[in-house]
$ cat model.cif   # mmCIF, C-alpha atoms
data_run
loop_
_atom_site.label_atom_id
_atom_site.label_comp_id
_atom_site.auth_asym_id
_atom_site.auth_seq_id
_atom_site.Cartn_x
_atom_site.Cartn_y
_atom_site.Cartn_z
CA MET N 1 4.24 -34.05 -24.21
CA ASN N 2 7.90 -34.77 -23.37
CA ILE N 3 9.05 -37.55 -21.01
CA ARG N 4 9.54 -35.16 -18.11
CA GLY N 5 6.01 -33.83 -18.51
CA LEU N 6 4.63 -37.37 -18.72
CA PHE N 7 6.28 -38.36 -15.44
CA LYS N 8 4.87 -35.25 -13.77
CA LEU N 9 1.39 -36.13 -15.05
CA ILE N 10 1.72 -39.68 -13.69
CA PHE N 11 2.90 -38.33 -10.34
CA LEU N 12 -0.01 -35.89 -10.19
CA SER N 13 -2.59 -38.57 -11.00
CA SER N 14 -1.12 -40.96 -8.43
CA SER N 15 -1.24 -38.22 -5.80
CA LEU N 16 -4.92 -37.71 -6.45
CA LEU N 17 -5.75 -41.42 -6.25
CA PHE N 18 -3.82 -42.43 -3.17
CA GLY N 19 -4.61 -39.61 -0.78
CA ASN N 20 -3.42 -41.59 2.26
CA ILE N 21 0.22 -41.26 1.12
CA SER N 22 0.18 -37.95 -0.79
CA LYS N 23 -0.31 -34.25 -0.36
CA ALA N 24 -3.31 -32.64 -2.05
CA GLN N 25 -3.98 -29.02 -2.89
CA ASP N 26 -7.26 -27.14 -2.98
CA PRO N 27 -8.56 -25.93 -6.36
CA GLN N 28 -7.75 -22.33 -7.21
CA PHE N 29 -9.40 -19.53 -9.14
CA SER N 30 -7.35 -17.08 -11.17
CA GLN N 31 -10.15 -14.49 -10.85
CA TYR N 32 -9.87 -14.67 -7.08
CA TYR N 33 -11.79 -11.44 -6.41
CA ALA N 34 -14.63 -12.73 -8.61
CA ALA N 35 -14.85 -15.72 -6.22
CA PRO N 36 -14.92 -13.68 -2.99
CA LEU N 37 -16.47 -16.20 -0.59
CA TYR N 38 -14.06 -18.89 -1.82
CA LEU N 39 -11.11 -16.56 -1.26
CA ASN N 40 -12.01 -15.27 2.20
CA PRO N 41 -15.12 -15.64 4.39
CA GLY N 42 -14.56 -12.03 5.46
CA LEU N 43 -15.64 -10.86 1.99
CA THR N 44 -19.16 -12.16 2.58
CA GLY N 45 -21.67 -9.35 2.12
CA ILE N 46 -18.97 -6.73 1.69
CA ASN N 47 -20.91 -4.99 -1.08
CA GLN N 48 -23.37 -4.00 1.70
CA VAL N 49 -26.36 -5.37 -0.24
CA GLY N 50 -26.79 -8.80 -1.87
CA ARG N 51 -24.97 -10.81 -4.47
CA ALA N 52 -25.11 -14.12 -6.33
CA GLY N 53 -22.31 -15.53 -8.44
CA ILE N 54 -21.03 -18.50 -10.41
CA ASN N 55 -17.43 -19.44 -11.18
CA TYR N 56 -16.22 -22.11 -13.61
CA ARG N 57 -12.63 -23.22 -14.23
CA ASN N 58 -11.32 -25.80 -16.71
CA GLN N 59 -7.62 -26.49 -16.14
CA TRP N 60 -5.46 -28.42 -18.62
CA PRO N 61 -8.32 -29.11 -21.09
CA SER N 62 -5.94 -30.78 -23.57
CA LEU N 63 -4.99 -33.52 -21.09
CA ALA N 64 -6.98 -36.53 -19.90
CA ALA N 65 -6.17 -35.47 -16.34
CA ASN N 66 -7.88 -32.10 -16.61
CA PHE N 67 -9.59 -30.44 -13.67
CA GLU N 68 -13.02 -28.82 -13.67
CA THR N 69 -14.15 -26.67 -10.77
CA TYR N 70 -17.55 -25.08 -10.21
CA SER N 71 -18.49 -22.65 -7.46
CA PHE N 72 -21.82 -21.04 -6.65
CA TYR N 73 -22.30 -18.46 -3.91
CA PHE N 74 -25.02 -16.26 -2.48
CA ASP N 75 -24.58 -13.63 0.22
CA TYR N 76 -26.50 -10.78 1.77
CA ASN N 77 -25.74 -7.95 4.19
CA PHE N 78 -28.11 -7.08 7.06
CA GLU N 79 -27.22 -3.45 7.64
CA ASP N 80 -29.28 -3.06 10.83
CA TYR N 81 -27.14 -5.74 12.50
CA ASN N 82 -23.74 -5.01 10.90
CA SER N 83 -23.83 -8.65 9.83
CA SER N 84 -23.67 -10.67 6.63
CA ALA N 85 -24.54 -14.27 5.82
CA GLY N 86 -23.50 -16.40 2.87
CA LEU N 87 -23.81 -19.79 1.23
CA ILE N 88 -21.15 -21.35 -0.99
CA ILE N 89 -21.22 -24.65 -2.90
CA ASN N 90 -18.06 -25.96 -4.59
CA THR N 91 -17.59 -28.99 -6.84
CA ASP N 92 -14.27 -30.17 -8.21
CA ARG N 93 -13.75 -33.05 -10.67
CA GLU N 94 -10.55 -34.62 -11.97
CA GLY N 95 -11.06 -36.16 -15.40
CA LEU N 96 -8.56 -39.03 -15.45
CA ALA N 97 -9.83 -40.85 -12.37
CA GLY N 98 -13.22 -39.30 -11.82
CA LEU N 99 -12.20 -37.96 -8.41
CA ARG N 100 -15.06 -35.74 -7.19
CA SER N 101 -15.23 -33.38 -4.24
CA THR N 102 -18.31 -31.39 -3.24
CA ASN N 103 -18.59 -29.10 -0.24
CA ILE N 104 -21.21 -26.75 1.12
CA GLY N 105 -20.38 -23.88 3.46
CA LEU N 106 -22.41 -21.45 5.59
CA ILE N 107 -20.68 -18.18 6.46
CA TYR N 108 -21.24 -15.41 8.98
CA ALA N 109 -19.33 -12.10 8.89
CA TYR N 110 -19.48 -9.08 11.21
CA GLN N 111 -18.43 -5.54 10.29
CA MET N 112 -16.74 -3.19 12.78
CA GLU N 113 -15.49 0.36 12.26
CA LEU N 114 -12.07 0.81 13.86
CA ASN N 115 -11.93 4.56 13.26
CA TYR N 116 -13.02 7.12 10.68
CA ASN N 117 -11.09 5.43 7.85
CA TRP N 118 -10.53 1.78 8.71
CA THR N 119 -13.06 -1.05 8.85
CA VAL N 120 -12.54 -4.70 9.76
CA ARG N 121 -14.73 -7.73 8.94
CA PRO N 122 -13.99 -11.04 10.75
CA ALA N 123 -15.90 -14.14 9.63
CA VAL N 124 -16.34 -17.87 10.27
CA GLN N 125 -17.40 -20.68 7.92
CA PHE N 126 -18.96 -24.05 8.73
CA GLY N 127 -18.86 -26.65 5.97
CA TYR N 128 -19.66 -30.24 5.06
CA ALA N 129 -17.89 -32.15 2.27
CA ILE N 130 -18.26 -35.37 0.28
CA ARG N 131 -15.38 -36.90 -1.68
CA ASP N 132 -15.51 -40.02 -3.87
CA LEU N 133 -13.84 -41.73 -6.80
CA ASN N 134 -15.17 -43.35 -9.99
CA PHE N 135 -13.28 -46.65 -9.86
CA ASP N 136 -14.65 -47.67 -13.28
CA LYS N 137 -12.29 -45.16 -14.90
CA LEU N 138 -9.15 -46.67 -13.35
CA THR N 139 -6.80 -49.28 -14.83
CA PHE N 140 -4.19 -51.32 -12.92
CA GLY N 141 -1.02 -53.26 -13.58
CA ASP N 142 -2.73 -56.65 -13.96
CA GLN N 143 -4.60 -55.32 -17.02
CA TYR N 144 -1.41 -54.71 -19.02
CA ASP N 145 1.46 -56.61 -20.58
CA ASN N 146 4.28 -55.44 -22.84
CA THR N 147 1.80 -55.01 -25.71
CA GLY N 148 -0.52 -52.69 -23.79
CA LEU N 149 -4.01 -53.13 -22.32
CA VAL N 150 -5.03 -56.81 -22.51
CA ARG N 151 -7.74 -57.17 -19.86
CA PRO N 152 -10.79 -54.87 -19.67
CA VAL N 153 -11.38 -55.62 -15.96
CA THR N 154 -8.89 -55.66 -13.09
CA GLY N 155 -8.62 -58.42 -10.53
CA GLU N 156 -8.23 -55.83 -7.78
CA THR N 157 -11.17 -55.38 -5.42
CA PHE N 158 -12.28 -52.14 -3.79
CA ASN N 159 -15.11 -50.85 -1.68
CA THR N 160 -16.49 -48.82 -4.58
CA GLY N 161 -19.44 -47.58 -2.55
CA PHE N 162 -17.23 -45.80 -0.02
CA LYS N 163 -17.35 -42.02 0.16
CA SER N 164 -15.43 -39.72 2.43
CA ARG N 165 -17.71 -37.36 4.38
CA PHE N 166 -16.43 -34.78 6.83
CA PHE N 167 -17.07 -31.43 8.48
CA ASP N 168 -14.77 -28.60 7.50
CA PHE N 169 -14.21 -25.23 9.19
CA ALA N 170 -12.65 -21.96 8.06
CA ALA N 171 -12.14 -18.42 9.32
CA GLY N 172 -10.96 -15.19 7.79
CA GLY N 173 -11.05 -11.45 7.91
CA ILE N 174 -10.31 -8.32 5.98
CA ILE N 175 -9.32 -4.79 6.96
CA PHE N 176 -9.81 -1.92 4.53
CA ASN N 177 -10.19 1.77 3.88
CA PRO N 178 -11.44 3.43 0.66
CA LYS N 179 -8.19 2.65 -1.20
CA ILE N 180 -6.34 -0.20 0.50
CA TRP N 181 -7.34 -3.64 1.70
CA PHE N 182 -5.55 -6.58 3.26
CA GLY N 183 -7.07 -9.92 4.20
CA GLY N 184 -6.19 -13.36 5.44
CA ALA N 185 -7.99 -16.69 5.73
CA ILE N 186 -7.36 -20.19 7.01
CA HIS N 187 -9.31 -23.12 5.60
CA HIS N 188 -9.53 -26.70 6.94
CA ILE N 189 -8.88 -25.58 10.50
CA ASN N 190 -9.79 -29.04 11.82
CA GLU N 191 -7.66 -30.88 9.19
CA PRO N 192 -10.38 -33.45 8.37
CA ASN N 193 -9.63 -36.95 7.10
CA GLN N 194 -10.44 -36.97 3.37
CA SER N 195 -9.20 -40.46 2.50
CA ILE N 196 -11.34 -42.52 0.12
CA ALA N 197 -9.17 -45.64 0.52
CA GLY N 198 -9.99 -46.36 4.15
CA GLY N 199 -6.73 -44.95 5.50
CA THR N 200 -5.81 -41.54 6.80
CA SER N 201 -5.31 -38.53 4.56
CA LEU N 202 -5.56 -35.26 6.44
CA LEU N 203 -6.69 -32.23 4.47
CA LYS N 204 -4.02 -29.79 5.57
CA HIS N 205 -4.55 -26.16 6.50
CA LYS N 206 -4.69 -23.74 3.60
CA VAL N 207 -3.57 -20.25 4.63
CA SER N 208 -3.87 -17.27 2.29
CA PHE N 209 -3.02 -13.58 2.38
CA HIS N 210 -4.27 -11.10 -0.20
CA GLY N 211 -4.56 -7.38 -0.73
CA GLY N 212 -4.59 -4.49 -3.13
CA TYR N 213 -4.32 -0.75 -3.61
CA LYS N 214 -6.62 1.23 -5.92
CA ILE N 215 -5.23 4.29 -7.72
CA HIS N 216 -7.61 6.50 -9.70
CA PHE N 217 -6.33 8.07 -12.89
CA GLU N 218 -6.87 11.58 -11.55
CA GLU N 219 -4.41 10.81 -8.72
CA MET N 220 -1.70 9.98 -11.26
CA ASN N 221 -2.53 12.89 -13.57
CA PRO N 222 -4.00 16.03 -11.97
CA PHE N 223 -5.10 17.22 -15.43
CA TYR N 224 -7.20 14.14 -16.06
CA GLN N 225 -10.92 14.94 -16.15
CA ALA N 226 -12.72 12.14 -14.31
CA ARG N 227 -16.34 11.25 -14.98
CA ALA N 228 -18.51 10.57 -11.97
CA ASP N 229 -20.34 7.72 -13.76
CA ARG N 230 -17.22 6.02 -15.19
CA GLU N 231 -14.43 4.70 -13.02
CA ARG N 232 -10.88 4.89 -14.37
CA SER N 233 -8.34 3.24 -12.11
CA ILE N 234 -5.38 0.88 -11.84
CA THR N 235 -5.23 -1.66 -9.00
CA PRO N 236 -2.13 -3.71 -8.12
CA THR N 237 -3.14 -6.86 -6.21
CA PHE N 238 -1.60 -10.04 -4.81
CA ASN N 239 -2.80 -13.38 -3.49
CA TYR N 240 -0.38 -15.65 -1.62
CA ARG N 241 -1.39 -19.04 -0.23
CA TYR N 242 0.31 -22.09 1.19
CA GLN N 243 -0.92 -25.57 2.01
CA ASP N 244 1.42 -28.06 3.66
CA GLN N 245 4.61 -28.04 1.53
CA PHE N 246 3.04 -26.21 -1.42
CA ASP N 247 2.82 -22.44 -1.80
CA GLN N 248 1.95 -20.09 -4.63
CA LEU N 249 1.76 -16.37 -5.36
CA ASP N 250 -0.39 -14.43 -7.83
CA ILE N 251 0.73 -10.86 -8.39
CA GLY N 252 -0.44 -8.41 -11.01
CA VAL N 253 -2.69 -5.52 -11.86
CA TYR N 254 -6.29 -4.72 -12.83
CA VAL N 255 -7.15 -1.76 -15.05
CA THR N 256 -10.72 -0.45 -14.79
CA LEU N 257 -12.03 1.48 -17.79
CA GLU N 258 -15.69 1.20 -16.89
CA PRO N 259 -17.56 -0.66 -18.29
CA ILE N 260 -14.43 -2.65 -19.27
CA LEU N 261 -12.11 -4.44 -16.84
CA LEU N 262 -8.68 -5.77 -17.85
CA GLY N 263 -6.22 -7.82 -15.83
CA LEU N 264 -2.72 -9.22 -16.18
CA TRP N 265 -0.75 -11.10 -13.56
CA TYR N 266 1.88 -13.74 -12.93
CA ARG N 267 1.58 -16.96 -10.92
CA GLY N 268 4.65 -18.49 -9.40
CA ILE N 269 7.56 -18.10 -7.00
CA PRO N 270 10.54 -18.47 -9.36
CA ILE N 271 13.13 -18.49 -6.57
CA LYS N 272 11.65 -21.76 -5.29
CA THR N 273 11.65 -25.28 -6.78
CA PHE N 274 9.59 -28.42 -6.16
CA GLU N 275 11.42 -31.70 -6.78
CA GLY N 276 13.89 -29.77 -8.92
CA ILE N 277 11.17 -28.05 -10.99
CA PRO N 278 11.05 -24.22 -10.83
CA ASN N 279 7.87 -22.82 -9.33
CA SER N 280 6.90 -20.69 -12.31
CA GLU N 281 3.42 -21.63 -13.44
CA SER N 282 1.57 -19.20 -15.69
CA ILE N 283 0.82 -15.77 -17.07
CA ILE N 284 -2.86 -14.88 -16.66
CA PHE N 285 -4.89 -12.61 -18.94
CA MET N 286 -8.33 -11.41 -17.92
CA THR N 287 -11.10 -9.29 -19.40
CA GLY N 288 -14.51 -8.39 -18.07
CA VAL N 289 -17.50 -6.14 -18.60
CA TYR N 290 -19.94 -4.40 -16.25
CA MET N 291 -23.56 -4.44 -17.37
CA GLY N 292 -25.54 -2.64 -14.71
CA ARG N 293 -25.95 -5.09 -11.83
CA THR N 294 -24.20 -7.91 -13.73
CA THR N 295 -20.48 -8.46 -14.18
CA ILE N 296 -19.00 -11.08 -16.52
CA GLY N 297 -15.33 -12.03 -16.57
CA TYR N 298 -13.15 -14.37 -18.62
CA SER N 299 -9.52 -15.29 -17.98
CA PHE N 300 -6.94 -17.55 -19.60
CA ASP N 301 -3.89 -19.02 -17.89
CA TYR N 302 -1.01 -19.37 -20.34
CA THR N 303 1.04 -22.08 -18.66
CA ILE N 304 4.79 -21.48 -18.78
CA SER N 305 5.92 -24.56 -16.83
CA ASP N 306 7.22 -27.67 -18.63
CA LEU N 307 3.97 -29.52 -17.99
CA GLY N 308 1.98 -26.73 -19.58
CA ARG N 309 3.49 -26.90 -23.08
CA ASP N 310 0.69 -29.18 -24.28
CA SER N 311 -1.80 -28.79 -21.43
CA GLY N 312 -4.07 -26.15 -22.98
CA GLY N 313 -3.64 -23.78 -20.02
CA ALA N 314 -6.79 -22.96 -18.09
CA HIS N 315 -10.04 -21.19 -18.96
CA GLU N 316 -12.16 -19.46 -16.35
CA ILE N 317 -15.53 -17.71 -16.45
CA SER N 318 -17.20 -15.70 -13.70
CA LEU N 319 -20.69 -14.22 -13.46
CA THR N 320 -21.81 -11.92 -10.63
CA TYR N 321 -25.21 -10.33 -10.05
CA ALA N 322 -25.81 -7.68 -7.34
CA PHE N 323 -29.22 -6.88 -5.87
CA SER N 324 -30.92 -5.26 -2.90
CA LEU N 325 -33.97 -6.30 -0.89
CA ASN N 326 -34.07 -3.11 1.15
CA ASP N 327 -37.19 -0.96 1.22
CA PRO N 328 -36.50 1.87 -1.28
CA ARG N 329 -38.50 4.24 0.95
CA LYS N 330 -36.10 3.68 3.84
CA PRO N 331 -33.43 6.40 4.21
CA PRO N 332 -30.05 4.96 3.16
CA LYS N 333 -27.60 4.18 5.94
CA GLU N 334 -24.03 5.38 5.60
CA VAL N 335 -21.97 2.31 4.77
CA ARG N 336 -18.37 1.47 4.11
CA GLU N 337 -18.01 -0.85 1.17
CA LEU N 338 -14.85 -2.25 -0.33
CA LYS N 339 -14.65 -1.63 -4.07
CA CYS N 340 -12.21 -4.26 -5.21
CA PRO N 341 -11.46 -4.74 -8.94
CA ILE N 342 -14.64 -6.77 -9.39
CA PRO N 343 -17.33 -4.30 -8.27
CA PHE N 344 -19.12 -5.32 -5.10
CA ILE N 345 -21.83 -2.66 -5.22
CA PHE N 346 -24.08 -1.41 -8.00
#
$ encode --input "model.cif" --output "structure tokens"
Amino acid sequence: MNIRGLFKLIFLSSSLLFGNISKAQDPQFSQYYAAPLYLNPGLTGINQVGRAGINYRNQWPSLAANFETYSFYFDYNFEDYNSSAGLIINTDREGLAGLRSTNIGLIYAYQMELNYNWTVRPAVQFGYAIRDLNFDKLTFGDQYDNTGLVRPVTGETFNTGFKSRFFDFAAGGIIFNPKIWFGGAIHHINEPNQSIAGGTSLLKHKVSFHGGYKIHFEEMNPFYQARADRERSITPTFNYRYQDQFDQLDIGVYVTLEPILLGLWYRGIPIKTFEGIPNSESIIFMTGVYMGRTTIGYSFDYTISDLGRDSGGAHEISLTYAFSLNDPRKPPKEVRELKCPIPFIF
């Protein structure tokens, strides 16, 4: 790693440790539509049946300051009440300092038909979070001299049993028709205090906007012979979010060749800089496969920023399983589901 990258790594680690004087960002998933409840509470139950999923992300695996994020979600749609409920559990861990964050959220979404084509789904989320730090992994200035580490234990004292606990609220919604969707969400509405050092470190609002447009192959080529049991489509999508002074944009395309799913997109806003560093982060490659009710996806972030030369990029895996608890003897109700790139209905 070059000197510039080293200074950025030190700055990042310091920001994580001393939350009362720094600005923190939420973890992110490159496969954002494979983490629907994390992206937007309004996507809860949007497949009109039930769903369970797991997401795992390992960012910068070649560095000591790597990030690991886990997310588990479960949601179900109650068609008789035009309502959906969901549960999401997220855990994020930073390797250098052992900074851990865990939050649990309960979500309620309601579906309304605006007219023959358009449907809207507003939603709210109520959460509870715990944040702590493994002080045993930290070293301080009094442990070093000009030859390196000379003392195994610091003379600094901390309340190592302290954990930050707080309630956290979010809201979101999505509007869609059979081809187009657009959604928005705001997380940390109450801006809770997340400090683990006894001071004040407000977790700032995270606002996101996302959408897409699905184009079937037969729309692009009238001579293409479509198969009813195999989807062939191309779907441009975007996901923009900002949190305090940080913002980021993912823009790209999914190609569905059922049962195969391919994706390619870019993360960054190259016209902007942060502390003189261009905001151009990564190129993301994704592949997935549909296996009946199960969908598996893998993506790799090839980091193109200076820090990413030796970082190892980011690896991400998603697993989604769809199911229904409805009585098979009951006549099916006409529903409006949103078929994003990751299938929400089986």
$ residues_around --input "model.cif" --residues "Trp181 (chain N)" --least-positions-apart "2" --cutoff "9 Å" --atoms "only C-alpha atoms" --output "list in words"
Ile174, Ile175, Phe176, Asn177, Pro178, Lys179, Gly183, His210, Gly211, Gly212, Tyr213, Leu338 and Cys340 of chain N
$ write_last_selection --input "model.cif" --atoms "C-alpha atoms" --output "JSON list (two decimals), in the coordinates of the input"
[["chain", "number", "residue", "atom", "x", "y", "z"],
["N", 174, "ILE", "CA", -10.31, -8.32, 5.98],
["N", 175, "ILE", "CA", -9.32, -4.79, 6.96],
["N", 176, "PHE", "CA", -9.81, -1.92, 4.53],
["N", 177, "ASN", "CA", -10.19, 1.77, 3.88],
["N", 178, "PRO", "CA", -11.44, 3.43, 0.66],
["N", 179, "LYS", "CA", -8.19, 2.65, -1.20],
["N", 183, "GLY", "CA", -7.07, -9.92, 4.20],
["N", 210, "HIS", "CA", -4.27, -11.10, -0.20],
["N", 211, "GLY", "CA", -4.56, -7.38, -0.73],
["N", 212, "GLY", "CA", -4.59, -4.49, -3.13],
["N", 213, "TYR", "CA", -4.32, -0.75, -3.61],
["N", 338, "LEU", "CA", -14.85, -2.25, -0.33],
["N", 340, "CYS", "CA", -12.21, -4.26, -5.21]]
$ closest_residue --input "model.cif" --among "N:Tyr290, N:Tyr144, N:Tyr298, N:Phe67" --to "Ser30 (chain N)" --atoms "all atoms listed in the file"
N:Tyr298
$ atom_distance --input "model.cif" --atom1 "CA of Thr294 (chain N)" --atom2 "CA of Ile260 (chain N)"
12.4 Å
$ residues_around --input "model.cif" --residues "region 35-44 of chain N" --least-positions-apart "4" --cutoff "6 Å" --atoms "all atoms listed in the file" --output "ChimeraX atom specification"
/N:109,121-123,172-174,185
$ atom_distance --input "model.cif" --atom1 "CA of Phe246 (chain N)" --atom2 "CA of Leu87 (chain N)"
27.7 Å
$ resolve_selection --input "model.cif" --expression "the PyMOL selection byres ((chain N and resi 315-324) around 8)" --output "PyMOL selection string"
chain N and resi 29-31+34-35+49-59+293-301+313-314+325-326+344-346
$ resolve_selection --input "model.cif" --expression "the PyMOL selection byres ((chain N and resi 264) around 6)" --output "short mmCIF file (atom, residue, chain, number, x, y, z; two decimals) with C-alpha atoms, in the frame of the given file"
data_model
loop_
_atom_site.label_atom_id
_atom_site.label_comp_id
_atom_site.auth_asym_id
_atom_site.auth_seq_id
_atom_site.Cartn_x
_atom_site.Cartn_y
_atom_site.Cartn_z
CA GLY N 252 -0.44 -8.41 -11.01
CA VAL N 253 -2.69 -5.52 -11.86
CA GLY N 263 -6.22 -7.82 -15.83
CA TRP N 265 -0.75 -11.10 -13.56
CA ILE N 284 -2.86 -14.88 -16.66
CA PHE N 285 -4.89 -12.61 -18.94
#
$ resolve_selection --input "model.cif" --expression "the PyMOL selection byres ((chain N and resi 237-243) around 8)" --output "number ranges by chain"
N: 25, 204-213, 235-236, 244-254
$ atom_distance --input "model.cif" --atom1 "CA of Glu231 (chain N)" --atom2 "CA of Leu257 (chain N)"
6.2 Å
$ axis_aligned_box --input "model.cif" --around "region 246-258 of chain N" --padding-each-side "4 Å" --output "JSON"
{"center_x": -6.3, "center_y": -12.4, "center_z": -9.6, "size_x": 26.7, "size_y": 35.7, "size_z": 24.4}
$ closest_residue --input "model.cif" --among "N:Ser195, N:Ser71, N:Ser164, N:Ser311" --to "Ile130 (chain N)" --atoms "all atoms listed in the file"
N:Ser164
$ closest_residue --input "model.cif" --among "N:Leu106, N:Ile304, N:Ile189, N:Val289" --to "Tyr266 (chain N)" --atoms "all atoms listed in the file"
N:Ile304
$ residues_around --input "model.cif" --residues "region 110-114 of chain N" --least-positions-apart "3" --cutoff "9 Å" --atoms "only C-alpha atoms" --output "tab-separated table (two decimals) with C-alpha atoms, keeping the file's coordinate frame"
chain	number	residue	atom	x	y	z
N	42	GLY	CA	-14.56	-12.03	5.46
N	46	ILE	CA	-18.97	-6.73	1.69
N	81	TYR	CA	-27.14	-5.74	12.50
N	82	ASN	CA	-23.74	-5.01	10.90
N	83	SER	CA	-23.83	-8.65	9.83
N	84	SER	CA	-23.67	-10.67	6.63
N	117	ASN	CA	-11.09	5.43	7.85
N	118	TRP	CA	-10.53	1.78	8.71
N	119	THR	CA	-13.06	-1.05	8.85
N	120	VAL	CA	-12.54	-4.70	9.76
N	121	ARG	CA	-14.73	-7.73	8.94
N	122	PRO	CA	-13.99	-11.04	10.75
N	123	ALA	CA	-15.90	-14.14	9.63
N	336	ARG	CA	-18.37	1.47	4.11
$ residues_around --input "model.cif" --residues "Asn193 (chain N)" --least-positions-apart "3" --cutoff "10 Å" --atoms "all atoms listed in the file" --output "PDB file with C-alpha atoms, in the coordinates of the input"
ATOM      1  CA  GLY N  19      -4.610 -39.610  -0.780  1.00  0.00           C
ATOM      2  CA  ASN N  20      -3.420 -41.590   2.260  1.00  0.00           C
ATOM      3  CA  SER N 164     -15.430 -39.720   2.430  1.00  0.00           C
ATOM      4  CA  ARG N 165     -17.710 -37.360   4.380  1.00  0.00           C
ATOM      5  CA  PHE N 166     -16.430 -34.780   6.830  1.00  0.00           C
ATOM      6  CA  PHE N 167     -17.070 -31.430   8.480  1.00  0.00           C
ATOM      7  CA  ASP N 168     -14.770 -28.600   7.500  1.00  0.00           C
ATOM      8  CA  ASN N 190      -9.790 -29.040  11.820  1.00  0.00           C
ATOM      9  CA  ILE N 196     -11.340 -42.520   0.120  1.00  0.00           C
ATOM     10  CA  GLY N 198      -9.990 -46.360   4.150  1.00  0.00           C
ATOM     11  CA  GLY N 199      -6.730 -44.950   5.500  1.00  0.00           C
ATOM     12  CA  THR N 200      -5.810 -41.540   6.800  1.00  0.00           C
ATOM     13  CA  SER N 201      -5.310 -38.530   4.560  1.00  0.00           C
ATOM     14  CA  LEU N 202      -5.560 -35.260   6.440  1.00  0.00           C
ATOM     15  CA  LEU N 203      -6.690 -32.230   4.470  1.00  0.00           C
ATOM     16  CA  LYS N 204      -4.020 -29.790   5.570  1.00  0.00           C
TER      17      LYS N 204
END
$ residues_around --input "model.cif" --residues "Gly105 (chain N)" --least-positions-apart "4" --cutoff "7 Å" --atoms "all atoms listed in the file" --output "list in words"
Leu87, Ile88, Ile89, Gln125, Phe126, Gly127 and Tyr128 of chain N
$ closest_residue --input "model.cif" --among "N:Ser62, N:Thr69, N:Asn77, N:Gln48" --to "Arg100 (chain N)" --atoms "only C-alpha atoms"
N:Thr69
$ closest_residue --input "model.cif" --among "N:Glu218, N:Asn90, N:Ile104, N:Ile271" --to "Asp26 (chain N)" --atoms "all atoms listed in the file"
N:Asn90
